[in-house]
Amino acid sequence: MSSEARPLRITCQINYLRTLPGILKIIQFACDILSIILGAAAPTLTYTGHKGFFVFVAILATVGTAFLLVLSLINLQAVCIPERWPMIEMFWCGFIALLYFIASIVIATIASNSGVFGAAAFFGFAAFIAYLADGLNRFRLMRTGLRGQHTETTTTTTTVTRQEPTY
């Protein structure tokens with residue numbers, strides 16, 4: 001990627017929220033928050049770590065997604081490391097999707113004890129699907145060579161005029 005295509009400054013990219021990656025980040029964040037609330041509100045079963053693991057995954061995903069959302073909104077990733085950013089986000093989404101899949105299966109196994117566990121498992125699987133879709137979208141963008149669709153680019157136009165020689 002040439003240095004001319006990079007944005008020259010950190011700017012607020014509020015239009016990022018209207019793009020597919022932005023919408024997916026909002027869905028992920030909403031599912032993460034609901035997973036934390038439902039996982040923390042669920043009754044604690046004795047001698048089991050089901051609830052703790054699920055809440056840990058939900059908190060980790062919430063913090064990471066909020067961090068990535070802020071970085072995308074202020075366009076910091078396009079200024080610092082635009083070549084590697086889609087790969088970083090793709091691996092993040094894949095990692096969290098795997099953790100959510102495992103945690104949602106674990107919490108769904110005890111859903112017969114309380115309906116709150118069933119609701120937490122539902123939003124865990126919803127977050128898994130959102131992270132998986134975002135990871136696949138990042139992979140597709142990497143394969144086609146499109147990097148940082150939401151970044152602002154500046155172009156300069158140079159006009160060259162030819163002057164006739166005088167005799």
# chains A, B, ... in the order shown; residues from 1 in each chain; ligands from 1
>>> closest_atom_pairs(of="segment 2-102 of chain A", to="segment 109-116 of chain A", cutoff="12 Å", atoms="only C-alpha atoms", output="tab-separated table")
residue	atom	partner	partner_atom	distance
A:Leu34	CA	A:Val116	CA	11.2
A:Ser35	CA	A:Val116	CA	10.2
A:Ile36	CA	A:Val116	CA	11.5
A:Ile37	CA	A:Val116	CA	9.9
A:Leu38	CA	A:Val116	CA	6.2
A:Gly39	CA	A:Val116	CA	7.5
A:Ala40	CA	A:Val116	CA	9.6
A:Ala41	CA	A:Val116	CA	7.5
A:Ala42	CA	A:Val116	CA	5.5
A:Pro43	CA	A:Ser114	CA	7.6
A:Thr44	CA	A:Ser114	CA	10.2
A:Leu45	CA	A:Asn113	CA	9.0
A:Thr48	CA	A:Ile110	CA	10.0
A:Gly49	CA	A:Ile110	CA	11.1
A:His50	CA	A:Ile110	CA	8.1
A:Lys51	CA	A:Ile110	CA	9.4
A:Phe54	CA	A:Ile110	CA	11.9
A:Ile102	CA	A:Thr109	CA	11.0
>>> closest_atom_pairs(of="segment 53-106 of chain A", to="segment 9-22 of chain A", cutoff="10 Å", atoms="only C-alpha atoms", output="Markdown table")
| residue | atom | partner | partner_atom | distance |
| --- | --- | --- | --- | --- |
| A:Leu69 | CA | A:Gly22 | CA | 7.7 |
| A:Val70 | CA | A:Cys12 | CA | 9.6 |
| A:Leu71 | CA | A:Cys12 | CA | 9.8 |
| A:Ser72 | CA | A:Tyr16 | CA | 7.3 |
| A:Leu73 | CA | A:Gln13 | CA | 4.9 |
| A:Ile74 | CA | A:Cys12 | CA | 4.5 |
| A:Asn75 | CA | A:Ile10 | CA | 5.7 |
| A:Leu76 | CA | A:Ile10 | CA | 6.0 |
| A:Gln77 | CA | A:Ile10 | CA | 9.3 |
| A:Ala78 | CA | A:Ile10 | CA | 8.6 |
| A:Val79 | CA | A:Ile10 | CA | 6.9 |
| A:Cys80 | CA | A:Ile10 | CA | 9.7 |
>>> residues_around(residues="Ile27 of chain A", least_positions_apart="6", cutoff="9 Å", atoms="only C-alpha atoms", output="list of chain:residue names")
A:Ala126, A:Ala127, A:Ala130
>>> write_last_selection(atoms="all heavy atoms", output="short mmCIF file (atom, residue, chain, number, x, y, z; two decimals), in the first residue's frame")
data_model
loop_
_atom_site.label_atom_id
_atom_site.label_comp_id
_atom_site.auth_asym_id
_atom_site.auth_seq_id
_atom_site.Cartn_x
_atom_site.Cartn_y
_atom_site.Cartn_z
N ALA A 126 -25.30 -16.37 19.44
CA ALA A 126 -25.49 -15.21 18.55
C ALA A 126 -24.18 -14.44 18.39
O ALA A 126 -23.82 -14.02 17.28
CB ALA A 126 -26.59 -14.30 19.09
N ALA A 127 -23.44 -14.28 19.48
CA ALA A 127 -22.14 -13.62 19.41
C ALA A 127 -21.17 -14.46 18.58
O ALA A 127 -20.38 -13.91 17.79
CB ALA A 127 -21.58 -13.39 20.81
N ALA A 130 -21.93 -13.80 15.01
CA ALA A 130 -21.49 -12.45 14.61
C ALA A 130 -19.98 -12.39 14.44
O ALA A 130 -19.47 -11.81 13.47
CB ALA A 130 -21.95 -11.43 15.64
#
>>> closest_residue(among="A:Ile88, A:Ile129, A:Ile33, A:Ile23", to="Leu60 of chain A", atoms="only C-alpha atoms")
A:Ile33
>>> residues_around(residues="Gly124 of chain A", least_positions_apart="4", cutoff="7 Å", atoms="only C-alpha atoms", output="NGL selection string")
:A and (35 or 100 or 104 or 120 or 128)
>>> closest_residue(among="A:Cys31, A:Ile59, A:Met87, A:Ile81", to="Arg143 of chain A", atoms="only C-alpha atoms")
A:Met87
>>> atom_distance(atom1="atom CA of Leu99 of chain A", atom2="atom CA of Phe67 of chain A")
18.1 Å
>>> closest_residue(among="A:Ala30, A:Leu24, A:Leu68, A:Ile96", to="Phe56 of chain A", atoms="only C-alpha atoms")
A:Ile96
